[in-house]
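Engineer: Got entry-v9.tsv for you, TSV, C-alpha atoms:
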```
chain	number	residue	atom	x	y	z
V	1	LYS	CA	82.70	-107.69	33.65
V	2	LEU	CA	84.54	-110.07	35.93
V	3	LEU	CA	82.17	-109.83	38.88
V	4	THR	CA	80.17	-112.94	39.66
V	5	ASP	CA	77.52	-114.21	42.05
V	6	ALA	CA	80.31	-114.86	44.57
V	7	THR	CA	81.14	-111.15	44.47
V	8	VAL	CA	77.52	-110.28	45.21
V	9	VAL	CA	77.47	-112.73	48.13
V	10	CYS	CA	80.54	-111.00	49.61
V	11	LEU	CA	78.91	-107.63	49.06
V	12	VAL	CA	75.75	-108.54	50.94
V	13	GLN	CA	77.75	-110.14	53.76
V	14	TYR	CA	80.14	-107.25	54.36
V	15	CYS	CA	78.46	-104.10	53.06
V	16	SER	CA	75.05	-103.91	54.68
V	17	ALA	CA	74.51	-100.17	54.20
V	18	VAL	CA	74.68	-100.06	50.40
V	19	THR	CA	72.42	-97.35	48.93
V	20	LYS	CA	73.62	-97.37	45.30
V	21	LEU	CA	74.46	-100.48	43.33
V	22	ASP	CA	75.52	-100.55	39.69
V	23	LEU	CA	75.65	-104.05	38.24
V	24	THR	CA	75.98	-102.91	34.61
V	25	ARG	CA	76.88	-105.46	31.97
V	26	LEU	CA	77.96	-108.34	34.20
V	27	PRO	CA	77.53	-111.46	32.03
V	28	LYS	CA	78.63	-113.80	34.83
V	29	LEU	CA	75.82	-112.60	37.10
V	30	SER	CA	73.03	-115.16	37.38
V	31	ASP	CA	69.39	-115.13	38.44
V	32	PHE	CA	70.59	-115.87	41.98
V	33	SER	CA	72.15	-112.46	42.65
V	34	VAL	CA	69.36	-109.95	42.03
V	35	PRO	CA	66.89	-111.46	44.53
V	36	LEU	CA	69.71	-111.62	47.10
V	37	VAL	CA	70.44	-107.92	46.53
V	38	CYS	CA	66.75	-107.03	46.81
V	39	GLU	CA	66.23	-109.02	49.99
V	40	THR	CA	69.40	-107.75	51.68
V	41	PHE	CA	69.34	-104.08	50.70
V	42	SER	CA	65.59	-103.52	50.37
V	43	THR	CA	65.36	-100.80	53.03
V	44	ASN	CA	68.50	-98.80	52.12
V	45	LEU	CA	68.81	-99.23	48.37
V	46	GLU	CA	68.01	-96.03	46.43
V	47	VAL	CA	69.68	-96.75	43.08
V	48	LEU	CA	69.78	-100.10	41.28
V	49	VAL	CA	71.33	-100.38	37.83
V	50	LEU	CA	71.04	-103.66	35.92
V	51	TYR	CA	71.86	-102.11	32.55
V	52	ALA	CA	72.62	-104.60	29.77
V	53	ASP	CA	72.21	-107.70	31.91
V	54	ALA	CA	70.20	-109.57	29.28
V	55	GLN	CA	71.34	-112.96	30.59
V	56	LEU	CA	69.02	-112.56	33.58
V	57	ASN	CA	65.76	-114.52	33.39
V	58	ALA	CA	62.38	-114.04	35.07
V	59	PRO	CA	63.48	-115.54	38.46
V	60	ALA	CA	66.04	-112.75	38.81
V	61	PHE	CA	63.27	-110.17	39.16
V	62	LYS	CA	60.92	-111.98	41.57
V	63	GLN	CA	62.04	-109.94	44.61
V	64	LEU	CA	62.42	-106.58	42.88
V	65	HIS	CA	59.19	-105.39	44.51
V	66	LEU	CA	61.02	-105.36	47.88
V	67	CYS	CA	63.08	-102.33	46.80
V	68	ARG	CA	60.43	-99.79	47.76
V	69	ASN	CA	62.87	-96.94	48.41
V	70	LEU	CA	64.41	-96.81	44.96
V	71	VAL	CA	64.61	-93.39	43.36
V	72	GLU	CA	66.42	-94.76	40.30
V	73	LEU	CA	65.97	-98.09	38.53
V	74	ASP	CA	67.71	-99.01	35.29
V	75	LEU	CA	66.58	-102.22	33.61
V	76	CYS	CA	67.73	-101.34	30.09
V	77	GLY	CA	67.99	-104.50	28.03
V	78	CYS	CA	66.76	-106.81	30.78
V	79	ARG	CA	64.25	-109.56	30.04
V	80	ILE	CA	61.83	-108.66	32.80
V	81	GLU	CA	58.19	-109.54	32.20
V	82	ASP	CA	54.95	-107.86	33.27
V	83	LYS	CA	54.31	-110.42	36.02
V	84	ASP	CA	57.38	-109.18	37.90
V	85	ALA	CA	57.55	-105.62	36.62
V	86	ILE	CA	54.03	-104.59	37.64
V	87	PRO	CA	54.34	-105.48	41.36
V	88	ALA	CA	57.83	-103.96	41.44
V	89	ILE	CA	56.82	-100.70	39.76
V	90	SER	CA	53.67	-100.50	41.87
V	91	SER	CA	55.75	-100.64	45.05
V	92	MET	CA	58.31	-98.04	43.92
V	93	THR	CA	56.40	-94.82	44.53
V	94	LYS	CA	59.60	-92.77	45.05
V	95	LEU	CA	61.07	-93.40	41.60
V	96	ARG	CA	62.40	-90.32	39.83
V	97	THR	CA	64.40	-92.12	37.13
V	98	LEU	CA	63.18	-95.24	35.34
V	99	ASN	CA	64.96	-96.76	32.37
V	100	LEU	CA	62.90	-99.44	30.65
V	101	THR	CA	64.69	-99.08	27.31
V	102	TRP	CA	64.72	-102.31	25.30
V	103	THR	CA	62.79	-104.24	27.97
V	104	VAL	CA	60.98	-105.84	25.06
V	105	GLU	CA	58.83	-108.27	27.04
V	106	LEU	CA	56.99	-105.46	28.84
V	107	THR	CA	53.54	-104.43	27.61
V	108	ASP	CA	51.03	-101.64	28.11
V	109	ALA	CA	50.13	-103.13	31.49
V	110	ALA	CA	53.59	-102.31	32.87
V	111	LEU	CA	53.44	-98.85	31.30
V	112	ARG	CA	50.09	-98.16	32.96
V	113	ALA	CA	51.53	-99.31	36.32
V	114	VAL	CA	54.20	-96.62	35.91
V	115	GLY	CA	51.51	-94.02	35.40
V	116	LYS	CA	49.55	-95.11	38.46
V	117	SER	CA	52.44	-95.50	40.89
V	118	CYS	CA	55.40	-93.36	39.88
V	119	THR	CA	53.99	-89.91	40.63
V	120	HIS	CA	57.44	-88.28	41.08
V	121	LEU	CA	58.99	-89.58	37.88
V	122	GLN	CA	61.25	-87.07	36.10
V	123	TRP	CA	63.29	-89.21	33.67
V	124	PHE	CA	61.59	-92.08	31.82
V	125	SER	CA	62.55	-94.15	28.79
V	126	ILE	CA	60.66	-96.94	27.05
V	127	PHE	CA	62.68	-96.59	23.85
V	128	GLY	CA	62.44	-99.65	21.60
V	129	ASN	CA	59.55	-101.38	23.35
V	130	GLU	CA	57.29	-102.48	20.52
V	131	LYS	CA	54.76	-104.17	22.84
V	132	MET	CA	53.89	-100.77	24.31
V	133	THR	CA	51.47	-98.51	22.48
V	134	ARG	CA	50.51	-94.90	22.03
V	135	ALA	CA	47.19	-95.61	23.78
V	136	ALA	CA	49.03	-96.58	26.97
V	137	ILE	CA	51.22	-93.46	26.76
V	138	GLU	CA	48.04	-91.40	26.50
V	139	ASP	CA	46.73	-93.18	29.61
V	140	VAL	CA	49.96	-92.35	31.45
V	141	ALA	CA	49.55	-88.73	30.37
V	142	ALA	CA	46.27	-88.65	32.31
V	143	CYS	CA	48.13	-89.60	35.53
V	144	ALA	CA	49.90	-87.37	38.04
V	145	CYS	CA	53.38	-88.17	36.68
V	146	SER	CA	52.61	-86.37	33.42
V	147	SER	CA	53.34	-83.04	35.08
V	148	SER	CA	56.68	-84.15	36.57
V	149	ILE	CA	58.30	-86.00	33.64
V	150	GLU	CA	60.96	-83.75	32.12
V	151	SER	CA	62.83	-86.35	30.06
V	152	LEU	CA	60.85	-88.90	28.06
V	153	ASP	CA	61.90	-91.24	25.25
V	154	ILE	CA	59.03	-93.10	23.60
V	155	ARG	CA	60.60	-93.75	20.21
V	156	GLY	CA	60.00	-97.22	18.83
V	157	ILE	CA	56.76	-98.01	20.63
V	158	THR	CA	53.79	-99.13	18.51
V	159	GLY	CA	51.95	-96.15	17.05
V	160	SER	CA	54.63	-93.65	17.97
V	161	ASP	CA	54.36	-91.80	14.65
V	162	LYS	CA	51.84	-89.32	16.04
V	163	LEU	CA	53.90	-88.90	19.21
V	164	ILE	CA	57.11	-88.02	17.39
V	165	ALA	CA	55.62	-86.00	14.51
V	166	ASP	CA	56.24	-82.26	14.28
V	167	GLY	CA	59.11	-82.28	16.75
V	168	PHE	CA	57.21	-84.33	19.33
V	169	ALA	CA	54.47	-81.67	19.53
V	170	TYR	CA	51.78	-84.15	20.65
V	171	THR	CA	54.08	-85.71	23.24
V	172	LYS	CA	54.87	-82.28	24.67
V	173	GLN	CA	51.16	-81.50	24.77
V	174	LEU	CA	50.51	-84.70	26.75
V	175	PHE	CA	53.49	-84.15	29.05
V	176	PRO	CA	53.79	-80.38	29.57
V	177	ALA	CA	56.98	-80.52	31.67
V	178	VAL	CA	58.94	-82.48	29.02
V	179	LYS	CA	62.10	-80.71	27.90
V	180	GLU	CA	64.03	-83.65	26.47
V	181	VAL	CA	62.60	-86.33	24.16
V	182	ILE	CA	65.65	-88.11	22.79
V	183	LEU	CA	67.57	-89.72	25.61
V	184	HIS	CA	69.49	-92.34	23.64
V	185	HIS	CA	71.62	-91.68	20.56
```
Please, can you express the file's structure as structure tokens?

Structural biologist:
Amino acid sequence: KLLTDATVVCLVQYCSAVTKLDLTRLPKLSDFSVPLVCETFSTNLEVLVLYADAQLNAPAFKQLHLCRNLVELDLCGCRIEDKDAIPAISSMTKLRTLNLTWTVELTDAALRAVGKSCTHLQWFSIFGNEKMTRAAIEDVAACACSSSIESLDIRGITGSDKLIADGFAYTKQLFPAVKEVILHH
């Protein structure tokens, strides 16, 4: 919790080969740091965790699309918007884990970008995103990722009643590889 933008500057200056970076719950981190991380580590970075960094605003995510080699991205609780999420998600074709829990500004457009681009996705959460709908989940189910997603949390999206009824039977029909449907307790 004590790390700041100055810490990130030191990190990018002296640790050029970073492949995994967890910046969870760092309230002193500003919009300056994330673009710097993306620009500096774009070719090597495989895991980026920005969990519970709700203080970050739209400018923080402008360069996220540069991180094309990510296999894991955690934006839980971040205030990212479609205008930055869609280009980022569209460039991240290697993603296997994507946490968009409580990214409440995202809409069906971002969800559909996941379906189109993230063909290797195995773990995916959009828990609590009321601007996303069952219709978009059904569209994602028609994409290639529907056969690779093993862990999926869609609770709290608009129209999720049908998706969660009868022990998530409809969700499991849409996503045949799904084994786990409650990822957050």

Engineer: Neighbours of Leu111 of chain V within 9 Å (only C-alpha atoms; same-chain residues fewer than 5 positions away dropped), as a ChimeraX atom specification?

Structural biologist: /V:86,106,116,126,132,136-137,139-140

Engineer: For atom CA of Thr93 of chain V and atom CA of Asn69 of chain V, determine how far apart the two atoms are, in Å to one decimal place.

Structural biologist: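 Rounded to one decimal, the two atoms are 7.8 Å apart.
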
Engineer: Please measure the separation of atom CA of Glu72 of chain V and atom CA of His120 of chain V, giving the value in Å to one decimal.

Structural biologist: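 These two atoms are separated by 11.1 Å.
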
Engineer: Which of these residues is nearest to Asp161 of chain V, using all atoms listed in the file: V:Thr133, V:Ser148, V:Asn99, V:Ser90?

Structural biologist: V:Thr133

Engineer: Have a look at atom CA of Ala169 of chain V and atom CA of Thr107 of chain V and let me know their distance in Å, one decimal.

Structural biologist: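 One can read the atom CA of Ala169 of chain V to atom CA of Thr107 of chain V distance as 24.2 Å.
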
Engineer: Let me make sure I understand: among V:His184, V:Ser146, V:Met92, V:Phe168, which one has the smallest atom-to-atom distance to Ser125 of chain V if we use all atoms listed in the file?

Structural biologist: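 Of the candidates, the smallest distance to Ser125 of chain V is held by V:His184.
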
Engineer: Tell me which protein, DNA and RNA residues are within 10 Å of Ala85 of chain V, counting only C-alpha atoms, leaving out same-chain ones fewer than 2 positions away, and put them as a list in words.

Structural biologist: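 Near Ala85 of chain V, the qualifying residues are Ala58, Phe61, Lys62, Leu64, His65, Ile80, Glu81, Asp82, Lys83, Pro87, Ala88, Ile89, Ser90, Ser91, Leu106, Thr107, Ala109, Ala110, Leu111, Ala113 and Val114 of chain V.
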
Engineer: Closest to Ala6 of chain V among V:Gln55, V:Thr119, V:Ser30, V:Thr40, using only C-alpha atoms?

Structural biologist: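 Using only C-alpha atoms, Ala6 of chain V sits closest to V:Ser30.
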
Engineer: Could you check which of V:Leu2, V:Cys15, V:Val9, V:Ile149 is closest to Glu180 of chain V, using all atoms listed in the file?

Structural biologist: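 Using all atoms listed in the file, Glu180 of chain V sits closest to V:Ile149.
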
Engineer: With distances taken over all atoms listed in the file, which of V:Val47, V:Ile157, V:Leu121, V:Leu75 is nearest to Asp108 of chain V?

Structural biologist: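 Among the listed residues, the smallest separation from Asp108 of chain V belongs to V:Ile157.
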
Engineer: Go through V:Arg25, V:Cys67, V:Leu56, V:Arg79 and flag the residue nearest Cys38 of chain V, using all atoms listed in the file for the distances.

Structural biologist: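 Looking only at the distances to Cys38 of chain V, the closest residue turns out to be V:Cys67.
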
Engineer: Quick one: everything within 10 Å of Thr43 of chain V, counting only C-alpha atoms, minus sequence neighbours fewer than 6 positions away in the same chain. Send it as a list of chain:residue names.

Structural biologist: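 Neighbouring residues, sequence-local ones excluded: V:Ala17, V:Val18, V:Thr19, V:Leu66, V:Cys67, V:Arg68, V:Asn69, V:Leu70.
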
Engineer: Pick out the residues sitting within 9 Å of Ser16 of chain V, and hand them over as a PyMOL selection string; count only C-alpha atoms, and ignore anything fewer than 3 positions along from it in its own chain.

Structural biologist: chain V and resi 11-13+40-41+44

Engineer: Please list as an MDAnalysis selection string every residue within 10 Å of Leu50 of chain V, counting only C-alpha atoms and excluding residues in the same chain fewer than 6 positions away.

Structural biologist: chainID V and resid 21:26 34 56 73:78 99
